[in-house]
Amino acid sequence: MCGIVGYIGPKACVPVIMEGLARLEYRGYDSAGIAVAGGGHPLQLRRAPGKLHNLAESLTRDPVQGTYGIGHTRWATHGRPTEENAHPHRDGTGTLVVVHNGIVENYLQLKSALLAKGHIFASETDTEIIAHVIQDELDLQAELNLTSRAATTEATTADTVLQSPNPPALPLEEAVRRAVARLTGAFAIGVLSAAEPDKLVAARMGPPAVLGIGEGEFFLASDVPGILHHTRLIHFLQDGEIATLTTSGIALTDFAGTPRDMHPQRITWDPIQAEKAGYKHFMLKEINEQPRAVRDTTLGRISLDTGRVFLPEMRITPEAFRSATSITIAACGTSWHAGLAGKFMIERLARLPVDVDYASEYRYRDPIPDSSGLGLLITQSGETADTIAAQHELITKGSKTLAICNVVGSAVTRLAEGVITTNAGPEIGVASTKAFTAQLTALFTLALYLAQVRGQITDQESLHLVTELSRIPAQIEEILRSVDEQCHDLARAFSTARDFLFLGRGIHYPIALEGALKLKEISYIHAEGYPAGEMKHGPNALIDETLPVVCIATQDPNDPSSVLKYEKTLSNIQEVTARGGRVIAIAIQGDTHIRQLVEHVIHIPQSHELLLPILEVVPLQLLAYHMAVRRGCDVDQPRNLAKSVTVE
């Protein structure tokens, strides 16, 4: 949930670090800071509260120079977003600095012990404790060295002692190794010390950290986009690993000091994908990238000739899928909504029972183990702490786990026995858009694959569904062309509303939830998603002439159950209009009947019932976007939120 960038090499490091932080500011923007040294310059530190441009202005007024350093952009967990709480944090000597993503759960106990030793703290953060713990390890070693010298003095003649060399200093990476053994919680850290020039040390336990390998230069970051403009050769630091970056290379060990091999991967994302490409906001760019994201997620996985689905990244055999008794989906936020829609897809096509859990709740409800069941984790980043914890719980209970994820090599994918990468490319906007539609696409593909291996679908039905899936990217493009202006006009009409209600039935209910989430997280309007059939059990009390109600009233005319849900939804719409509510309906092109019932209709193309959610969510994303812009909100960086929540 914080952005970290480190660099060591022949170049001036400040532009590299600041450029990387700008690309990672979506991970946190409460404060920022940088510490640099080298090239004949001492250790220098600058910090500023607020967004990154405040730090940039500080550096313009008071520049710093160096050839190695670390920078940080913060999402506050411990301590207010002030300059004294901004990273990097120093130890008591001022010669060692630390940046940190995560939470040190035992920081109060550590702080109490360090205060008793005379340490003085300058911030309210748990991160400052890490710097002081490393200092404490260095002090402890210095005391041991003095004790050793004293013992040597007593055992030898004075002139022999004078010629005896001092014991070697404790290397920074060893001090970090000893320090992390004292920490409880989740952390990815970067450390440098003026006492050991031209060296950066990184350690990970929980939150993500990546190492970049360039030509004579090396990088540290909390996410790939922060360094992708400089190298595509990336090593994903694993839990329990420590990396020492010097001008001559990277040395990797585990927390016990055992050497580890590097396993760099070549990232295929085009760096231009991480730029706005002329759009006003990253969110708008990513909404418009959805046709490509959906198309790339199906690429190489479906045959338009036979209707077969291929999932080459699965290490689980077809026999294991056939013998599976259930699937448990665990996810957070938008990914949970995708999982809820996936439940409808998998149960209908594969006839396999599915439970959908909030990852943050899963391990706390003492789930009943099912060794024949499968776990499915859905995550954009692959590093969300709650999702990783749920995955560990599933594995502990005996389940094999699968992952739907957008980041190759992330923590969740490394633990999973099968992966469907969504191939959406980097998503910078905090409010997820293209990752969600790519997840729905991956879920439909998985559901169809399960139906095939479990013998629940004919070849003809498979070919029909694959053909329908292949049409989705072009249909999204049509929606983007046809409804953007309409959503802009609706935002002008409804941007002063205090509340919104979103309604849907069946597989369309998760899309109502997602529409409400998008609106509330970027426009700050209170919004609720609700099953349309539950209106009479409470929400009807909210309806008056000031309440906009978004109703998903689509149907697949070739599906009798879909037609029935549509007819029931029309009845719910009449309940709303009878009480003065103002309805915005999402309906299928050619539906003239609904026009007679509601004030506003947004039309989308016809598709299969299980694929309609991918189309329905696009106008809801655009509506939320234009509402936020109209209200003057920060679309890409909504208050109090960060992209990848790497602590529980």
# chains A, B, ... in the order shown; residues from 1 in each chain; ligands from 1

$ residues_around --residues "segment 179-192 of chain A" --least-positions-apart "4" --cutoff "7 Å" --atoms "only C-alpha atoms" --output "NGL selection string"
:A and (96-106 or 133-134 or 137 or 175 or 199-209 or 647)

$ write_last_selection --atoms "N, CA and C atoms" --output "short mmCIF file (atom, residue, chain, number, x, y, z; two decimals), in the first residue's frame"
data_model
loop_
_atom_site.label_atom_id
_atom_site.label_comp_id
_atom_site.auth_asym_id
_atom_site.auth_seq_id
_atom_site.Cartn_x
_atom_site.Cartn_y
_atom_site.Cartn_z
N LEU A 96 21.59 6.08 9.16
CA LEU A 96 20.93 4.92 8.56
C LEU A 96 19.47 5.26 8.32
N VAL A 97 18.95 4.92 7.13
CA VAL A 97 17.57 5.25 6.81
C VAL A 97 16.84 4.01 6.29
N VAL A 98 15.53 4.00 6.52
CA VAL A 98 14.67 2.87 6.15
C VAL A 98 13.40 3.38 5.49
N VAL A 99 12.96 2.68 4.43
CA VAL A 99 11.61 2.84 3.89
C VAL A 99 10.90 1.50 4.07
N HIS A 100 9.57 1.55 4.18
CA HIS A 100 8.83 0.36 4.63
C HIS A 100 7.43 0.37 4.05
N ASN A 101 7.00 -0.79 3.61
CA ASN A 101 5.61 -1.03 3.23
C ASN A 101 5.11 -2.17 4.10
N GLY A 102 4.05 -1.95 4.86
CA GLY A 102 3.51 -3.00 5.72
C GLY A 102 3.23 -2.49 7.11
N ILE A 103 3.13 -3.41 8.06
CA ILE A 103 2.84 -3.08 9.45
C ILE A 103 3.71 -3.94 10.36
N VAL A 104 4.38 -3.30 11.32
CA VAL A 104 5.11 -4.02 12.36
C VAL A 104 4.17 -4.17 13.55
N GLU A 105 3.68 -5.38 13.75
CA GLU A 105 2.63 -5.59 14.74
C GLU A 105 3.15 -5.48 16.17
N ASN A 106 4.41 -5.79 16.39
CA ASN A 106 4.96 -5.73 17.75
C ASN A 106 5.78 -4.47 17.98
N VAL A 133 15.84 -0.67 15.47
CA VAL A 133 16.19 -2.07 15.74
C VAL A 133 17.48 -2.44 15.01
N ILE A 134 17.62 -1.97 13.76
CA ILE A 134 18.87 -2.22 13.02
C ILE A 134 20.04 -1.54 13.74
N GLU A 137 21.06 -3.57 16.68
CA GLU A 137 21.89 -4.72 16.32
C GLU A 137 23.33 -4.29 16.05
N ALA A 175 23.10 -6.92 9.80
CA ALA A 175 22.32 -6.18 10.80
C ALA A 175 20.83 -6.23 10.45
N LYS A 199 25.64 0.74 -1.20
CA LYS A 199 24.95 -0.51 -0.86
C LYS A 199 23.50 -0.19 -0.47
N LEU A 200 22.57 -1.00 -1.01
CA LEU A 200 21.17 -0.99 -0.59
C LEU A 200 20.82 -2.39 -0.14
N VAL A 201 20.04 -2.49 0.92
CA VAL A 201 19.58 -3.80 1.40
C VAL A 201 18.06 -3.80 1.41
N ALA A 202 17.46 -4.87 0.89
CA ALA A 202 16.01 -5.02 0.87
C ALA A 202 15.64 -6.34 1.52
N ALA A 203 14.47 -6.37 2.18
CA ALA A 203 13.97 -7.60 2.79
C ALA A 203 12.46 -7.63 2.63
N ARG A 204 11.93 -8.84 2.52
CA ARG A 204 10.49 -8.99 2.33
C ARG A 204 9.90 -10.07 3.23
N MET A 205 8.75 -9.75 3.84
CA MET A 205 7.91 -10.75 4.49
C MET A 205 6.47 -10.24 4.39
N GLY A 206 5.82 -10.61 3.29
CA GLY A 206 4.43 -10.22 3.09
C GLY A 206 4.24 -9.31 1.90
N PRO A 207 4.33 -7.98 2.07
CA PRO A 207 4.08 -7.07 0.96
C PRO A 207 5.08 -7.26 -0.18
N PRO A 208 4.71 -6.87 -1.39
CA PRO A 208 5.56 -7.16 -2.55
C PRO A 208 6.82 -6.31 -2.61
N ALA A 209 7.84 -6.87 -3.22
CA ALA A 209 9.07 -6.15 -3.54
C ALA A 209 9.69 -6.81 -4.76
N VAL A 647 -1.60 -5.08 3.82
CA VAL A 647 -1.71 -5.42 5.25
C VAL A 647 -3.16 -5.72 5.55
#

$ closest_atom_pairs --of "segment 553-634 of chain A" --to "segment 284-303 of chain A" --cutoff "10 Å" --atoms "only C-alpha atoms" --output "CSV"
residue,atom,partner,partner_atom,distance
A:Ile614,CA,A:Val294,CA,9.2
A:Val618,CA,A:Ile287,CA,7.4
A:Pro619,CA,A:Ile287,CA,9.7
A:Gln621,CA,A:Ile287,CA,7.4
A:Leu622,CA,A:Ile287,CA,7.7
A:Tyr625,CA,A:Leu284,CA,7.4
A:His626,CA,A:Leu284,CA,9.5

$ write_last_selection --atoms "C-alpha atoms" --output "PDB file, in the first residue's frame"
ATOM      1  CA  ILE A 614     -18.970  -7.904 -18.724  1.00  0.00           C
ATOM      2  CA  VAL A 618     -18.879  -0.633 -18.568  1.00  0.00           C
ATOM      3  CA  PRO A 619     -21.595   2.080 -18.503  1.00  0.00           C
ATOM      4  CA  GLN A 621     -17.842   2.601 -14.712  1.00  0.00           C
ATOM      5  CA  LEU A 622     -18.337   5.537 -17.062  1.00  0.00           C
ATOM      6  CA  TYR A 625     -16.124   8.360 -13.653  1.00  0.00           C
ATOM      7  CA  HIS A 626     -18.138  11.303 -14.976  1.00  0.00           C
TER       8      HIS A 626
END

$ residues_around --residues "Leu115 of chain A" --least-positions-apart "5" --cutoff "12 Å" --atoms "only C-alpha atoms" --output "ChimeraX atom specification"
/A:92,107-110,120-121,129,132-133,136

$ closest_residue --among "A:Ile378, A:Ile457, A:Val407, A:Cys332" --to "Leu440 of chain A" --atoms "only C-alpha atoms"
A:Ile378

$ residues_around --residues "Ala585 of chain A" --least-positions-apart "3" --cutoff "6 Å" --atoms "only C-alpha atoms" --output "MDAnalysis selection string"
chainID A and resid 550:552 601

$ residues_around --residues "segment 424-430 of chain A" --least-positions-apart "4" --cutoff "6 Å" --atoms "only C-alpha atoms" --output "list in words"
Phe282, Met283, Ala293, Asp636 and Lys643 of chain A

$ decode --residues "segment 545-567 of chain A" --atoms "N, CA, C and O atoms" --output "compact mmCIF listing (two decimals), in the first residue's frame"
# COMPACT_ATOMS: atom_id res chain seq x y z
N GLU A 545 -38.36 11.14 -4.22
CA GLU A 545 -38.08 11.78 -5.51
C GLU A 545 -36.64 12.25 -5.65
O GLU A 545 -36.21 12.66 -6.74
N THR A 546 -35.84 12.17 -4.57
CA THR A 546 -34.43 12.59 -4.65
C THR A 546 -33.48 11.41 -4.87
O THR A 546 -32.28 11.62 -5.04
N LEU A 547 -34.00 10.17 -4.86
CA LEU A 547 -33.13 9.00 -4.90
C LEU A 547 -33.00 8.44 -6.31
O LEU A 547 -33.97 7.90 -6.86
N PRO A 548 -31.81 8.53 -6.93
CA PRO A 548 -31.59 7.85 -8.21
C PRO A 548 -31.41 6.34 -7.96
O PRO A 548 -30.68 5.93 -7.05
N VAL A 549 -32.08 5.53 -8.77
CA VAL A 549 -32.00 4.08 -8.65
C VAL A 549 -31.54 3.52 -9.99
O VAL A 549 -32.22 3.71 -11.02
N VAL A 550 -30.39 2.86 -10.01
CA VAL A 550 -29.86 2.24 -11.22
C VAL A 550 -30.31 0.78 -11.23
O VAL A 550 -29.96 0.02 -10.32
N CYS A 551 -31.08 0.41 -12.23
CA CYS A 551 -31.61 -0.95 -12.33
C CYS A 551 -30.98 -1.66 -13.53
O CYS A 551 -31.03 -1.15 -14.65
N ILE A 552 -30.39 -2.82 -13.27
CA ILE A 552 -29.86 -3.63 -14.37
C ILE A 552 -31.00 -4.52 -14.86
O ILE A 552 -31.40 -5.47 -14.18
N ALA A 553 -31.54 -4.17 -16.00
CA ALA A 553 -32.75 -4.81 -16.53
C ALA A 553 -32.47 -5.41 -17.91
O ALA A 553 -33.17 -5.13 -18.88
N THR A 554 -31.41 -6.21 -17.97
CA THR A 554 -31.05 -6.86 -19.23
C THR A 554 -31.67 -8.25 -19.28
O THR A 554 -32.12 -8.78 -18.26
N GLN A 555 -31.66 -8.84 -20.47
CA GLN A 555 -32.15 -10.21 -20.62
C GLN A 555 -31.51 -10.87 -21.83
O GLN A 555 -31.11 -10.20 -22.78
N ASP A 556 -31.43 -12.19 -21.75
CA ASP A 556 -31.06 -13.01 -22.90
C ASP A 556 -32.35 -13.67 -23.38
O ASP A 556 -32.86 -14.58 -22.72
N PRO A 557 -32.93 -13.23 -24.49
CA PRO A 557 -34.23 -13.75 -24.93
C PRO A 557 -34.23 -15.24 -25.24
O PRO A 557 -35.29 -15.86 -25.31
N ASN A 558 -33.03 -15.82 -25.40
CA ASN A 558 -32.94 -17.25 -25.67
C ASN A 558 -32.87 -18.09 -24.40
O ASN A 558 -32.76 -19.32 -24.46
N ASP A 559 -32.94 -17.43 -23.25
CA ASP A 559 -32.81 -18.11 -21.96
C ASP A 559 -34.07 -17.84 -21.14
O ASP A 559 -34.28 -16.72 -20.66
N PRO A 560 -34.94 -18.83 -20.97
CA PRO A 560 -36.20 -18.61 -20.24
C PRO A 560 -36.00 -18.07 -18.83
O PRO A 560 -36.77 -17.21 -18.39
N SER A 561 -34.98 -18.56 -18.12
CA SER A 561 -34.76 -18.05 -16.76
C SER A 561 -34.35 -16.59 -16.78
O SER A 561 -34.71 -15.82 -15.88
N SER A 562 -33.59 -16.18 -17.80
CA SER A 562 -33.19 -14.78 -17.94
C SER A 562 -34.40 -13.90 -18.22
O SER A 562 -34.54 -12.81 -17.66
N VAL A 563 -35.29 -14.39 -19.06
CA VAL A 563 -36.51 -13.63 -19.38
C VAL A 563 -37.36 -13.47 -18.12
O VAL A 563 -37.92 -12.39 -17.87
N LEU A 564 -37.46 -14.53 -17.31
CA LEU A 564 -38.24 -14.45 -16.07
C LEU A 564 -37.64 -13.42 -15.12
O LEU A 564 -38.38 -12.62 -14.52
N LYS A 565 -36.31 -13.43 -14.96
CA LYS A 565 -35.66 -12.43 -14.10
C LYS A 565 -35.93 -11.02 -14.60
O LYS A 565 -36.15 -10.09 -13.82
N TYR A 566 -35.90 -10.85 -15.92
CA TYR A 566 -36.16 -9.54 -16.52
C TYR A 566 -37.57 -9.07 -16.17
O TYR A 566 -37.78 -7.92 -15.77
N GLU A 567 -38.53 -9.97 -16.30
CA GLU A 567 -39.92 -9.59 -16.01
C GLU A 567 -40.09 -9.22 -14.55
O GLU A 567 -40.81 -8.26 -14.21
